[in-house]
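Pasting structure01.cif here (mmCIF, C-alpha atoms):
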data_target
loop_
_atom_site.label_atom_id
_atom_site.label_comp_id
_atom_site.auth_asym_id
_atom_site.auth_seq_id
_atom_site.Cartn_x
_atom_site.Cartn_y
_atom_site.Cartn_z
CA MET A 1 112.56 180.82 32.92
CA SER A 2 109.76 178.36 33.65
CA SER A 3 109.45 176.72 37.06
CA LYS A 4 110.67 173.48 35.47
CA ASP A 5 113.78 175.20 34.06
CA ILE A 6 114.46 176.80 37.43
CA LEU A 7 114.17 173.46 39.22
CA ASP A 8 116.52 171.84 36.67
CA LYS A 9 119.06 174.60 37.03
CA VAL A 10 118.93 174.45 40.85
CA GLU A 11 119.35 170.65 40.76
CA GLU A 12 122.32 171.03 38.43
CA ARG A 13 123.94 173.63 40.69
CA LEU A 14 123.46 172.09 44.14
CA SER A 15 124.78 168.92 45.72
CA SER A 16 122.15 166.17 46.01
CA HIS A 17 122.07 166.64 49.80
CA LEU A 18 121.32 170.35 49.51
CA PHE A 19 118.86 169.80 46.66
CA ARG A 20 116.89 167.42 48.89
CA HIS A 21 116.84 170.12 51.59
CA VAL A 22 115.56 172.90 49.31
CA CYS A 23 112.82 170.59 47.95
CA GLN A 24 111.68 169.84 51.48
CA VAL A 25 111.71 173.53 52.39
CA ALA A 26 109.66 174.22 49.24
CA GLN A 27 107.04 171.62 50.21
CA THR A 28 106.90 172.82 53.81
CA ALA A 29 106.64 176.45 52.69
CA GLU A 30 103.89 175.57 50.22
CA ARG A 31 101.81 173.94 52.96
CA MET A 32 102.38 176.88 55.31
CA ALA A 33 101.37 179.30 52.54
CA VAL A 34 98.04 177.51 52.15
CA LEU A 35 97.48 177.68 55.90
CA PHE A 36 98.29 181.38 56.17
CA GLU A 37 96.75 182.57 52.90
CA GLU A 38 99.96 183.30 51.04
CA ASP A 39 100.63 182.33 47.40
CA PRO A 40 101.69 178.63 47.51
CA ALA A 41 103.46 178.68 44.13
CA LYS A 42 105.53 181.66 45.20
CA ALA A 43 106.35 180.03 48.54
CA SER A 44 107.44 176.86 46.77
CA LEU A 45 109.64 178.76 44.34
CA ALA A 46 111.24 180.81 47.13
CA GLY A 47 111.90 177.54 49.01
CA ILE A 48 113.62 175.99 45.98
CA LEU A 49 115.77 179.10 45.54
CA HIS A 50 116.59 180.06 49.13
CA ASP A 51 119.98 178.27 49.39
CA TYR A 52 121.11 178.92 45.82
CA ALA A 53 124.43 180.40 47.04
CA LYS A 54 124.89 178.03 49.99
CA GLU A 55 127.71 176.05 48.40
CA LYS A 56 129.74 179.01 47.20
CA THR A 57 133.16 179.28 48.86
CA GLU A 58 133.82 182.07 51.36
CA THR A 59 136.08 183.70 48.77
CA GLU A 60 133.31 183.67 46.16
CA LEU A 61 130.73 184.98 48.67
CA LEU A 62 133.02 187.80 49.76
CA ALA A 63 133.81 188.76 46.16
CA ILE A 64 130.15 188.91 45.08
CA ALA A 65 129.19 190.70 48.29
CA ASP A 66 131.95 193.24 47.80
CA GLU A 67 130.84 193.96 44.21
CA ASN A 68 127.34 194.58 45.53
CA GLY A 69 128.22 196.79 48.49
CA LEU A 70 127.31 194.28 51.18
CA LEU A 71 130.58 194.42 53.09
CA GLU A 72 129.98 197.54 55.14
CA GLU A 73 128.65 195.21 57.82
CA GLU A 74 131.59 194.11 59.99
CA VAL A 75 129.85 190.85 60.92
CA TYR A 76 129.73 189.68 57.29
CA ARG A 77 133.52 189.90 57.09
CA GLN A 78 133.82 187.92 60.32
CA VAL A 79 131.26 185.27 59.29
CA PRO A 80 131.22 185.18 55.45
CA PHE A 81 128.94 182.13 55.52
CA LEU A 82 126.07 184.46 56.50
CA LEU A 83 126.43 186.07 53.07
CA HIS A 84 124.94 183.04 51.32
CA ALA A 85 121.44 184.47 51.85
CA PRO A 86 121.86 188.00 50.38
CA VAL A 87 124.28 186.71 47.72
CA GLY A 88 121.69 184.05 46.79
CA ALA A 89 119.13 186.82 46.21
CA ILE A 90 121.61 188.68 44.00
CA LEU A 91 122.42 185.56 41.96
CA ILE A 92 118.87 184.32 41.35
CA LYS A 93 118.05 187.79 40.02
CA LYS A 94 121.10 187.89 37.79
CA GLU A 95 121.29 184.27 36.64
CA MET A 96 117.61 183.34 36.51
CA GLY A 97 115.89 186.65 36.01
CA ILE A 98 113.82 186.36 39.21
CA ASP A 99 112.46 189.86 39.79
CA ASP A 100 109.63 189.22 42.24
CA GLU A 101 110.64 191.44 45.18
CA GLN A 102 108.90 189.20 47.68
CA ILE A 103 110.83 186.13 46.57
CA LEU A 104 114.09 188.09 46.49
CA ASP A 105 113.47 189.39 50.03
CA ALA A 106 112.48 185.95 51.32
CA VAL A 107 115.81 184.58 50.07
CA TYR A 108 117.76 187.64 51.26
CA TYR A 109 116.49 187.47 54.85
CA HIS A 110 116.10 183.73 55.34
CA THR A 111 119.12 183.38 57.65
CA LEU A 112 119.25 186.56 59.75
CA GLY A 113 115.61 187.65 59.67
CA ARG A 114 114.80 191.33 60.12
CA PRO A 115 112.16 193.46 61.84
CA PHE A 116 108.88 193.87 59.91
CA MET A 117 109.26 190.66 57.89
CA ASN A 118 106.39 190.02 55.51
CA LYS A 119 104.47 186.75 55.46
CA LEU A 120 106.53 185.06 52.75
CA GLU A 121 109.78 185.99 54.51
CA LYS A 122 108.50 184.43 57.74
CA ILE A 123 107.33 181.30 55.93
CA ILE A 124 110.70 180.68 54.24
CA PHE A 125 112.65 181.47 57.41
CA LEU A 126 110.53 179.00 59.38
CA ALA A 127 110.18 176.29 56.71
CA ASP A 128 113.98 176.22 56.55
CA MET A 129 114.06 175.37 60.26
CA ILE A 130 111.24 172.82 60.42
CA GLU A 131 111.47 170.86 57.13
CA PRO A 132 111.10 167.10 57.80
CA ASP A 133 114.85 166.36 58.01
CA ARG A 134 115.41 168.96 60.74
CA ASN A 135 115.94 167.48 64.15
CA PHE A 136 116.85 169.57 67.18
CA SER A 137 115.58 170.04 70.69
CA GLY A 138 112.36 172.02 70.43
CA VAL A 139 111.66 171.35 66.75
CA GLU A 140 108.26 169.72 67.43
CA GLU A 141 107.07 172.71 69.48
CA LEU A 142 108.29 174.95 66.67
CA ARG A 143 106.43 172.86 64.06
CA SER A 144 103.29 173.20 66.12
CA LEU A 145 103.69 177.00 66.41
CA CYS A 146 104.25 177.15 62.63
CA ARG A 147 100.77 175.77 62.14
CA HIS A 148 99.13 178.34 64.41
CA ASP A 149 100.97 181.64 64.81
CA LEU A 150 103.75 182.87 62.53
CA ASN A 151 104.89 185.64 64.91
CA GLN A 152 105.11 183.38 67.96
CA ALA A 153 106.90 180.86 65.76
CA MET A 154 109.38 183.56 64.72
CA ILE A 155 110.17 184.35 68.38
CA ALA A 156 110.74 180.66 69.14
CA ALA A 157 112.82 180.18 65.98
CA LEU A 158 115.00 183.25 66.61
CA ASP A 159 115.47 182.30 70.28
CA SER A 160 116.49 178.80 69.27
CA THR A 161 118.98 180.18 66.73
CA LEU A 162 120.40 182.65 69.25
CA ALA A 163 120.71 180.03 72.01
CA TYR A 164 122.59 177.84 69.52
CA CYS A 165 124.95 180.71 68.68
CA LEU A 166 125.58 181.32 72.38
CA ARG A 167 126.34 177.65 73.06
CA GLN A 168 128.61 177.41 70.03
CA LYS A 169 130.34 180.74 70.78
CA ARG A 170 129.35 182.05 67.37
CA ILE A 171 129.22 185.70 66.35
CA ILE A 172 125.61 186.98 66.44
CA HIS A 173 124.39 189.39 63.78
CA PRO A 174 122.66 192.46 65.29
CA GLN A 175 119.92 192.15 62.65
CA THR A 176 118.80 188.87 64.23
CA ILE A 177 118.56 190.62 67.59
CA ALA A 178 116.61 193.47 66.02
CA ALA A 179 114.22 190.92 64.47
CA ARG A 180 113.71 189.11 67.77
CA ASN A 181 113.16 192.37 69.69
CA HIS A 182 110.62 193.39 67.07
CA PHE A 183 108.54 190.21 67.33
CA LEU A 184 108.79 190.22 71.12
CA GLN A 185 107.58 193.80 71.28
CA LEU A 186 104.78 192.99 68.85
CA GLY A 187 103.62 190.24 71.21
CA LYS A 188 103.46 192.74 74.07
CA VAL A 189 101.52 195.35 72.15
CA THR A 190 98.88 193.12 70.58
CA MET B 1 133.45 215.62 97.72
CA SER B 2 135.66 213.28 99.77
CA SER B 3 135.26 209.52 99.48
CA LYS B 4 133.65 209.57 102.92
CA ASP B 5 131.10 212.21 101.84
CA ILE B 6 130.33 210.21 98.68
CA LEU B 7 129.80 207.03 100.68
CA ASP B 8 127.50 208.89 103.11
CA LYS B 9 125.48 210.39 100.26
CA VAL B 10 125.14 207.02 98.49
CA GLU B 11 124.05 205.35 101.74
CA GLU B 12 121.47 208.11 102.28
CA ARG B 13 120.12 207.71 98.74
CA LEU B 14 119.92 203.94 98.35
CA SER B 15 117.85 201.32 100.13
CA SER B 16 119.86 199.25 102.63
CA HIS B 17 119.62 196.23 100.32
CA LEU B 18 121.08 198.10 97.35
CA PHE B 19 123.69 199.81 99.55
CA ARG B 20 124.90 196.39 100.66
CA HIS B 21 125.17 195.35 97.01
CA VAL B 22 127.21 198.39 95.90
CA CYS B 23 129.58 197.94 98.88
CA GLN B 24 130.16 194.33 97.86
CA VAL B 25 130.73 195.32 94.25
CA ALA B 26 133.22 197.96 95.46
CA GLN B 27 135.16 195.37 97.50
CA THR B 28 135.13 192.84 94.66
CA ALA B 29 136.19 195.49 92.12
CA GLU B 30 138.98 196.65 94.44
CA ARG B 31 140.38 193.12 94.68
CA MET B 32 140.13 192.63 90.91
CA ALA B 33 141.88 195.96 90.34
CA VAL B 34 144.85 194.81 92.43
CA LEU B 35 145.00 191.54 90.46
CA PHE B 36 144.88 193.26 87.06
CA GLU B 37 146.96 196.34 87.85
CA GLU B 38 144.20 198.91 87.81
CA ASP B 39 143.77 201.68 90.42
CA PRO B 40 142.02 200.02 93.41
CA ALA B 41 140.69 203.26 94.88
CA LYS B 42 139.10 204.19 91.56
CA ALA B 43 137.63 200.70 91.19
CA SER B 44 136.16 200.89 94.69
CA LEU B 45 134.64 204.32 94.05
CA ALA B 46 133.14 203.23 90.72
CA GLY B 47 131.68 200.17 92.48
CA ILE B 48 130.06 202.35 95.16
CA LEU B 49 128.59 204.63 92.49
CA HIS B 50 127.56 202.18 89.75
CA ASP B 51 123.90 201.74 90.79
CA TYR B 52 123.30 205.33 91.90
CA ALA B 53 120.21 205.63 89.67
CA LYS B 54 118.99 202.04 90.16
CA GLU B 55 116.05 203.00 92.36
CA LYS B 56 114.74 205.84 90.21
CA THR B 57 111.30 205.19 88.77
CA GLU B 58 110.89 204.50 85.04
CA THR B 59 109.28 207.93 84.70
CA GLU B 60 112.28 209.62 86.35
CA LEU B 61 114.76 207.61 84.25
CA LEU B 62 112.94 208.48 81.02
CA ALA B 63 112.74 212.17 81.94
CA ILE B 64 116.46 212.47 82.76
CA ALA B 65 117.36 210.38 79.69
CA ASP B 66 115.22 212.56 77.47
CA GLU B 67 116.84 215.77 78.80
CA ASN B 68 120.23 214.25 77.97
CA GLY B 69 119.46 212.96 74.48
CA LEU B 70 119.57 209.26 75.37
CA LEU B 71 116.18 208.32 73.94
CA GLU B 72 117.13 207.97 70.29
CA GLU B 73 117.68 204.30 71.09
CA GLU B 74 114.36 202.48 70.63
CA VAL B 75 115.35 199.78 73.13
CA TYR B 76 115.65 202.31 75.97
CA ARG B 77 112.02 203.31 75.48
CA GLN B 78 111.00 199.64 75.51
CA VAL B 79 113.11 198.77 78.58
CA PRO B 80 113.56 202.00 80.58
CA PHE B 81 115.20 200.05 83.42
CA LEU B 82 118.34 199.78 81.25
CA LEU B 83 118.67 203.55 81.56
CA HIS B 84 119.75 203.32 85.20
CA ALA B 85 123.37 202.87 84.08
CA PRO B 86 123.78 205.91 81.76
CA VAL B 87 121.48 208.03 83.94
CA GLY B 88 123.61 207.05 86.95
CA ALA B 89 126.69 208.40 85.16
CA ILE B 90 124.86 211.65 84.42
CA LEU B 91 123.71 212.06 88.03
CA ILE B 92 127.01 211.32 89.78
CA LYS B 93 128.62 213.96 87.59
CA LYS B 94 125.92 216.51 88.29
CA GLU B 95 125.16 215.78 91.95
CA MET B 96 128.58 214.74 93.20
CA GLY B 97 130.95 216.42 90.82
CA ILE B 98 132.57 213.15 89.67
CA ASP B 99 134.50 214.09 86.54
CA ASP B 100 136.87 211.14 86.15
CA GLU B 101 135.97 209.88 82.66
CA GLN B 102 136.97 206.31 83.51
CA ILE B 103 134.63 206.18 86.49
CA LEU B 104 131.82 207.81 84.50
CA ASP B 105 132.27 205.28 81.67
CA ALA B 106 132.44 202.33 84.06
CA VAL B 107 129.07 203.38 85.51
CA TYR B 108 127.62 204.20 82.08
CA TYR B 109 128.42 200.80 80.55
CA HIS B 110 128.05 198.52 83.56
CA THR B 111 124.78 196.93 82.35
CA LEU B 112 125.02 196.70 78.56
CA GLY B 113 128.78 196.59 78.09
CA ARG B 114 130.22 197.83 74.78
CA PRO B 115 133.00 196.86 72.38
CA PHE B 116 136.50 198.06 73.34
CA MET B 117 135.73 198.34 77.06
CA ASN B 118 138.69 199.53 79.12
CA LYS B 119 139.96 197.63 82.16
CA LEU B 120 137.93 199.54 84.75
CA GLU B 121 134.73 199.10 82.71
CA LYS B 122 135.31 195.34 82.57
CA ILE B 123 136.08 195.17 86.29
CA ILE B 124 132.86 196.97 87.30
CA PHE B 125 130.73 195.00 84.82
CA LEU B 126 132.13 191.73 86.17
CA ALA B 127 132.26 192.65 89.87
CA ASP B 128 128.56 193.49 89.61
CA MET B 129 127.91 189.92 88.47
CA ILE B 130 130.16 188.02 90.87
CA GLU B 131 129.93 189.93 94.18
CA PRO B 132 129.50 187.50 97.11
CA ASP B 133 125.69 187.69 97.24
CA ARG B 134 125.32 186.68 93.57
CA ASN B 135 124.13 183.14 93.06
CA PHE B 136 123.30 181.74 89.64
CA SER B 137 124.23 178.71 87.60
CA GLY B 138 127.78 179.26 86.37
CA VAL B 139 128.75 181.97 88.89
CA GLU B 140 131.67 179.95 90.31
CA GLU B 141 133.18 179.40 86.84
CA LEU B 142 132.73 183.12 86.19
CA ARG B 143 134.43 183.98 89.52
CA SER B 144 137.33 181.77 88.52
CA LEU B 145 137.63 183.42 85.07
CA CYS B 146 137.53 186.84 86.78
CA ARG B 147 140.74 185.93 88.60
CA HIS B 148 142.56 184.89 85.44
CA ASP B 149 141.35 186.50 82.21
CA LEU B 150 139.13 189.57 82.00
CA ASN B 151 138.27 189.08 78.29
CA GLN B 152 137.29 185.44 78.68
CA ALA B 153 135.31 186.45 81.76
CA MET B 154 133.52 189.12 79.70
CA ILE B 155 132.48 186.52 77.10
CA ALA B 156 131.16 184.20 79.81
CA ALA B 157 129.38 187.08 81.58
CA LEU B 158 127.76 188.43 78.41
CA ASP B 159 126.71 184.92 77.32
CA SER B 160 125.18 184.31 80.72
CA THR B 161 123.30 187.62 80.54
CA LEU B 162 122.09 186.91 77.00
CA ALA B 163 120.99 183.34 77.82
CA TYR B 164 119.01 184.80 80.73
CA CYS B 165 117.34 187.35 78.43
CA LEU B 166 116.43 184.58 75.97
CA ARG B 167 114.93 182.39 78.70
CA GLN B 168 113.00 185.30 80.17
CA LYS B 169 111.85 186.59 76.73
CA ARG B 170 113.46 189.95 77.46
CA ILE B 171 114.38 192.53 74.87
CA ILE B 172 118.14 192.39 74.13
CA HIS B 173 120.08 195.59 73.54
CA PRO B 174 122.19 195.44 70.33
CA GLN B 175 125.09 197.01 72.22
CA THR B 176 125.38 193.89 74.36
CA ILE B 177 125.58 191.79 71.19
CA ALA B 178 128.20 194.13 69.76
CA ALA B 179 130.21 193.79 73.00
CA ARG B 180 129.98 189.99 72.93
CA ASN B 181 130.94 189.80 69.23
CA HIS B 182 133.91 192.04 69.95
CA PHE B 183 135.29 189.91 72.78
CA LEU B 184 134.63 186.70 70.84
CA GLN B 185 136.46 188.05 67.81
CA LEU B 186 139.33 189.20 70.04
CA GLY B 187 139.66 185.66 71.33
CA LYS B 188 139.95 184.34 67.76
CA VAL B 189 142.57 186.87 66.71
CA THR B 190 144.89 186.62 69.71
#

Serialized structure, structure tokens:
Amino acid sequence: MSSKDILDKVEERLSSHLFRHVCQVAQTAERMAVLFEEDPAKASLAGILHDYAKEKTETELLAIADENGLLEEEVYRQVPFLLHAPVGAILIKKEMGIDDEQILDAVYYHTLGRPFMNKLEKIIFLADMIEPDRNFSGVEELRSLCRHDLNQAMIAALDSTLAYCLRQKRIIHPQTIAARNHFLQLGKVT
Amino acid sequence: MSSKDILDKVEERLSSHLFRHVCQVAQTAERMAVLFEEDPAKASLAGILHDYAKEKTETELLAIADENGLLEEEVYRQVPFLLHAPVGAILIKKEMGIDDEQILDAVYYHTLGRPFMNKLEKIIFLADMIEPDRNFSGVEELRSLCRHDLNQAMIAALDSTLAYCLRQKRIIHPQTIAARNHFLQLGKVT
């Protein structure tokens, strides 16, 4: 499928509110890619696709996840919403023939993160948090870090996500902790 | 060894500051045990023993941990201080002949917690945080929870610990997250 066909299909699938969000993430990711010498077209495409499964119901997410062996993780059963990221990666491969591993991984890990994220994964994770409509305490500092240091930005972004989960009494996925520990340790070593 | 001999040995081993702390934890744990129908003498003894390895150097902790197969966990290598709890359990067994599994577990898990903690483990974990010398934002609410509901108190205690680690940019052990998720999930089910 061409980029135009992909955009049309995404617009057709998502609510207008969510479509606006993915377009903003795509633009933000594209700008960050230029800054950090990543492929801007790929960053834009990953941004457009990252929430492809976001409006699936919990039942649909659990069914697709189960078919694809994702449900060994206890936390996914407790918080099925978290599945929208890996299920999105599965669906864009199946329904749109996306086979670029970097784009698939950027979609897969855009919510939980993971240790050893590559540049595109970091860009999509961060662009999702700082796109122009985002507004939370600390977002300006995070935007500034996103212009200068992707790893420091990842620490700030993960800490902000984790602090939110603590305040809201939400289940925390151990992969997010592993990602944060990784970036923190990286900062100590380098 | 008699309780008196154990107390003498602990006093001989620990600095006066730390000895004061373990005595206060023992008294707090004893009172909590009475409230929640646990064995007060056992709670007191576990309190006295919980920080037995707290003043070992990082080198000593790592050496003892390595001999006992504890170093498969990456986080322990990054934050050797966390080893004082499991190493303490190893040493009180070896040096003082403590073989009560409940006491050994209460010492072992008093810093990180774990899912499915038993009553004595919860009491020691919590008494360590609320003993009279402790003073941090939220300690009075935690003391109140510790009189009424051990599981709710565990959520508050783990959240407080995790928020502290986030603020201080400390590495977080995944076991603490697993413990918190467990108690949170328990609260939703019951």

Selection under test: the PyMOL selection byres ((chain B) within 6 of (chain A)); residues as a count of residues only: 3

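Proximity to A:Leu126 at 9 Å, evaluated using all atoms listed in the file and with sequence-adjacent residues fewer than 6 positions away removed, yields Val25, Ala29, His110, Leu142, Arg143, Cys146, Leu150, Ala153, Met154 and Ala157 of chain A.
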
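You can rank B:Ile90, B:Asn68, B:Ala26, B:Ile98 by their closest distance to B:Ile130 using all atoms listed in the file, and at the top of that list sits B:Ala26.
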
With all Cα atoms paired residue by residue, do a least-squares superposition of chain A on chain B and hand back the transformed coordinates as a short mmCIF file (atom, residue, chain, number, x, y, z; two decimals) with C-alpha atoms, in the frame of the given file.
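Okay, this is what ended up in selection_34.cif:
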data_model
loop_
_atom_site.label_atom_id
_atom_site.label_comp_id
_atom_site.auth_asym_id
_atom_site.auth_seq_id
_atom_site.Cartn_x
_atom_site.Cartn_y
_atom_site.Cartn_z
CA MET A 1 133.46 215.65 97.72
CA SER A 2 135.64 213.31 99.76
CA SER A 3 135.25 209.54 99.48
CA LYS A 4 133.63 209.58 102.93
CA ASP A 5 131.08 212.21 101.82
CA ILE A 6 130.34 210.22 98.68
CA LEU A 7 129.79 207.03 100.67
CA ASP A 8 127.47 208.89 103.09
CA LYS A 9 125.48 210.39 100.27
CA VAL A 10 125.15 207.02 98.49
CA GLU A 11 124.03 205.36 101.74
CA GLU A 12 121.47 208.10 102.27
CA ARG A 13 120.12 207.72 98.73
CA LEU A 14 119.91 203.94 98.36
CA SER A 15 117.85 201.32 100.14
CA SER A 16 119.86 199.25 102.64
CA HIS A 17 119.60 196.21 100.33
CA LEU A 18 121.07 198.09 97.38
CA PHE A 19 123.69 199.80 99.55
CA ARG A 20 124.91 196.37 100.68
CA HIS A 21 125.16 195.35 97.02
CA VAL A 22 127.20 198.39 95.92
CA CYS A 23 129.58 197.92 98.88
CA GLN A 24 130.16 194.32 97.87
CA VAL A 25 130.72 195.31 94.25
CA ALA A 26 133.21 197.95 95.46
CA GLN A 27 135.16 195.37 97.49
CA THR A 28 135.12 192.83 94.66
CA ALA A 29 136.19 195.48 92.14
CA GLU A 30 138.98 196.65 94.44
CA ARG A 31 140.40 193.12 94.68
CA MET A 32 140.13 192.63 90.92
CA ALA A 33 141.89 195.97 90.35
CA VAL A 34 144.84 194.81 92.44
CA LEU A 35 145.00 191.57 90.47
CA PHE A 36 144.88 193.27 87.07
CA GLU A 37 146.97 196.34 87.87
CA GLU A 38 144.19 198.90 87.83
CA ASP A 39 143.76 201.68 90.42
CA PRO A 40 142.01 200.02 93.42
CA ALA A 41 140.67 203.28 94.89
CA LYS A 42 139.10 204.18 91.57
CA ALA A 43 137.62 200.70 91.20
CA SER A 44 136.15 200.90 94.69
CA LEU A 45 134.64 204.32 94.04
CA ALA A 46 133.15 203.22 90.71
CA GLY A 47 131.68 200.17 92.49
CA ILE A 48 130.05 202.35 95.16
CA LEU A 49 128.59 204.63 92.48
CA HIS A 50 127.57 202.17 89.76
CA ASP A 51 123.89 201.74 90.80
CA TYR A 52 123.31 205.32 91.92
CA ALA A 53 120.22 205.62 89.67
CA LYS A 54 118.99 202.05 90.17
CA GLU A 55 116.04 203.00 92.36
CA LYS A 56 114.76 205.84 90.21
CA THR A 57 111.29 205.20 88.77
CA GLU A 58 110.89 204.52 85.05
CA THR A 59 109.28 207.95 84.71
CA GLU A 60 112.27 209.64 86.35
CA LEU A 61 114.76 207.63 84.24
CA LEU A 62 112.93 208.48 81.03
CA ALA A 63 112.75 212.18 81.93
CA ILE A 64 116.47 212.47 82.75
CA ALA A 65 117.38 210.40 79.70
CA ASP A 66 115.23 212.56 77.47
CA GLU A 67 116.85 215.77 78.78
CA ASN A 68 120.23 214.27 77.97
CA GLY A 69 119.46 212.96 74.49
CA LEU A 70 119.57 209.28 75.38
CA LEU A 71 116.20 208.34 73.94
CA GLU A 72 117.14 207.96 70.30
CA GLU A 73 117.70 204.29 71.09
CA GLU A 74 114.38 202.47 70.62
CA VAL A 75 115.35 199.78 73.14
CA TYR A 76 115.66 202.31 75.98
CA ARG A 77 112.02 203.31 75.48
CA GLN A 78 110.99 199.65 75.52
CA VAL A 79 113.10 198.77 78.59
CA PRO A 80 113.56 202.01 80.60
CA PHE A 81 115.20 200.05 83.43
CA LEU A 82 118.33 199.78 81.25
CA LEU A 83 118.66 203.56 81.56
CA HIS A 84 119.74 203.32 85.20
CA ALA A 85 123.37 202.88 84.09
CA PRO A 86 123.79 205.91 81.76
CA VAL A 87 121.48 208.04 83.94
CA GLY A 88 123.61 207.06 86.97
CA ALA A 89 126.70 208.40 85.17
CA ILE A 90 124.88 211.65 84.42
CA LEU A 91 123.72 212.06 88.03
CA ILE A 92 127.02 211.31 89.78
CA LYS A 93 128.63 213.96 87.57
CA LYS A 94 125.92 216.50 88.28
CA GLU A 95 125.18 215.78 91.94
CA MET A 96 128.61 214.74 93.20
CA GLY A 97 130.97 216.43 90.80
CA ILE A 98 132.57 213.15 89.66
CA ASP A 99 134.50 214.07 86.52
CA ASP A 100 136.86 211.13 86.14
CA GLU A 101 135.97 209.87 82.65
CA GLN A 102 136.96 206.32 83.50
CA ILE A 103 134.62 206.17 86.48
CA LEU A 104 131.82 207.80 84.48
CA ASP A 105 132.28 205.27 81.65
CA ALA A 106 132.45 202.33 84.06
CA VAL A 107 129.08 203.38 85.50
CA TYR A 108 127.62 204.20 82.07
CA TYR A 109 128.43 200.80 80.54
CA HIS A 110 128.04 198.51 83.54
CA THR A 111 124.77 196.95 82.35
CA LEU A 112 125.01 196.70 78.55
CA GLY A 113 128.78 196.59 78.06
CA ARG A 114 130.22 197.81 74.76
CA PRO A 115 133.00 196.86 72.36
CA PHE A 116 136.49 198.08 73.33
CA MET A 117 135.74 198.34 77.06
CA ASN A 118 138.69 199.52 79.12
CA LYS A 119 139.95 197.63 82.16
CA LEU A 120 137.92 199.54 84.75
CA GLU A 121 134.73 199.10 82.71
CA LYS A 122 135.32 195.34 82.56
CA ILE A 123 136.07 195.17 86.28
CA ILE A 124 132.86 196.96 87.30
CA PHE A 125 130.75 195.00 84.81
CA LEU A 126 132.13 191.72 86.17
CA ALA A 127 132.26 192.64 89.87
CA ASP A 128 128.55 193.47 89.60
CA MET A 129 127.90 189.90 88.45
CA ILE A 130 130.15 188.00 90.86
CA GLU A 131 129.92 189.93 94.17
CA PRO A 132 129.50 187.48 97.10
CA ASP A 133 125.67 187.66 97.22
CA ARG A 134 125.31 186.68 93.56
CA ASN A 135 124.13 183.15 93.05
CA PHE A 136 123.30 181.73 89.63
CA SER A 137 124.24 178.71 87.60
CA GLY A 138 127.78 179.26 86.38
CA VAL A 139 128.75 181.96 88.89
CA GLU A 140 131.68 179.94 90.31
CA GLU A 141 133.18 179.39 86.84
CA LEU A 142 132.73 183.11 86.21
CA ARG A 143 134.44 183.98 89.51
CA SER A 144 137.34 181.78 88.53
CA LEU A 145 137.63 183.43 85.08
CA CYS A 146 137.54 186.85 86.80
CA ARG A 147 140.73 185.94 88.60
CA HIS A 148 142.56 184.91 85.43
CA ASP A 149 141.35 186.50 82.20
CA LEU A 150 139.12 189.58 82.00
CA ASN A 151 138.27 189.09 78.30
CA GLN A 152 137.28 185.43 78.68
CA ALA A 153 135.31 186.45 81.75
CA MET A 154 133.52 189.11 79.69
CA ILE A 155 132.48 186.51 77.09
CA ALA A 156 131.14 184.20 79.80
CA ALA A 157 129.38 187.07 81.58
CA LEU A 158 127.76 188.42 78.40
CA ASP A 159 126.71 184.91 77.31
CA SER A 160 125.17 184.29 80.71
CA THR A 161 123.29 187.61 80.53
CA LEU A 162 122.09 186.91 76.99
CA ALA A 163 120.98 183.35 77.82
CA TYR A 164 119.01 184.79 80.74
CA CYS A 165 117.34 187.34 78.45
CA LEU A 166 116.43 184.58 76.00
CA ARG A 167 114.92 182.38 78.72
CA GLN A 168 113.00 185.30 80.20
CA LYS A 169 111.86 186.58 76.78
CA ARG A 170 113.45 189.94 77.48
CA ILE A 171 114.38 192.54 74.88
CA ILE A 172 118.14 192.38 74.13
CA HIS A 173 120.08 195.58 73.54
CA PRO A 174 122.18 195.43 70.34
CA GLN A 175 125.09 197.02 72.23
CA THR A 176 125.39 193.88 74.37
CA ILE A 177 125.58 191.79 71.20
CA ALA A 178 128.19 194.13 69.76
CA ALA A 179 130.22 193.78 72.99
CA ARG A 180 130.00 189.99 72.93
CA ASN A 181 130.94 189.80 69.23
CA HIS A 182 133.90 192.05 69.95
CA PHE A 183 135.30 189.90 72.77
CA LEU A 184 134.64 186.71 70.82
CA GLN A 185 136.48 188.06 67.81
CA LEU A 186 139.33 189.21 70.03
CA GLY A 187 139.67 185.65 71.32
CA LYS A 188 139.98 184.37 67.76
CA VAL A 189 142.58 186.89 66.70
CA THR A 190 144.91 186.66 69.69
#

Would you mind telling me which residue in A:Thr161, A:Asn118, A:Thr28, A:Asn151 lies nearest to A:Asp133 when using all atoms listed in the file?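 Closest candidate: A:Thr28.
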
List as a list in words the protein and nucleic acid residues near A:Ile48, meaning an atom at most 9 Å away when only C-alpha atoms are counted, but skip any in the same chain fewer than 6 places from it.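 Using only C-alpha atoms, the neighbours found are Ile6, Leu7, Val10, Phe19, His21, Val22, Cys23, Gln24, Val25, Ala26 and Gln27 of chain A.
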
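Nearest to A:Gly187 of all the residues A:Met96, A:Asp149, A:Glu101, A:Tyr108 is A:Asp149, counting all atoms listed in the file.
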
Report as a list in words the full result of the PyMOL selection byres ((chain B and resi 62) around 8) when it is applied to this structure.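 Those residues are Glu58, Thr59, Glu60, Leu61, Ala63, Ile64, Ala65, Asp66, Leu71, Arg77, Pro80 and Leu83 of chain B.
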
Might I get the box with edges along x, y and z of the file that holds all atoms of stretch 25-33 of chain A listed there, padded by 3 Å on every side, given as centre and edge lengths in Å to one decimal, as lines of an AutoDock Vina configuration file?
center_x = 106.5
center_y = 175.5
center_z = 52.3
size_x = 16.3
size_y = 13.7
size_z = 12.1

Record the distance separating atom CA of B:Ala85 and atom CA of B:Lys56, expressed in Å with one decimal. 11.0 Å
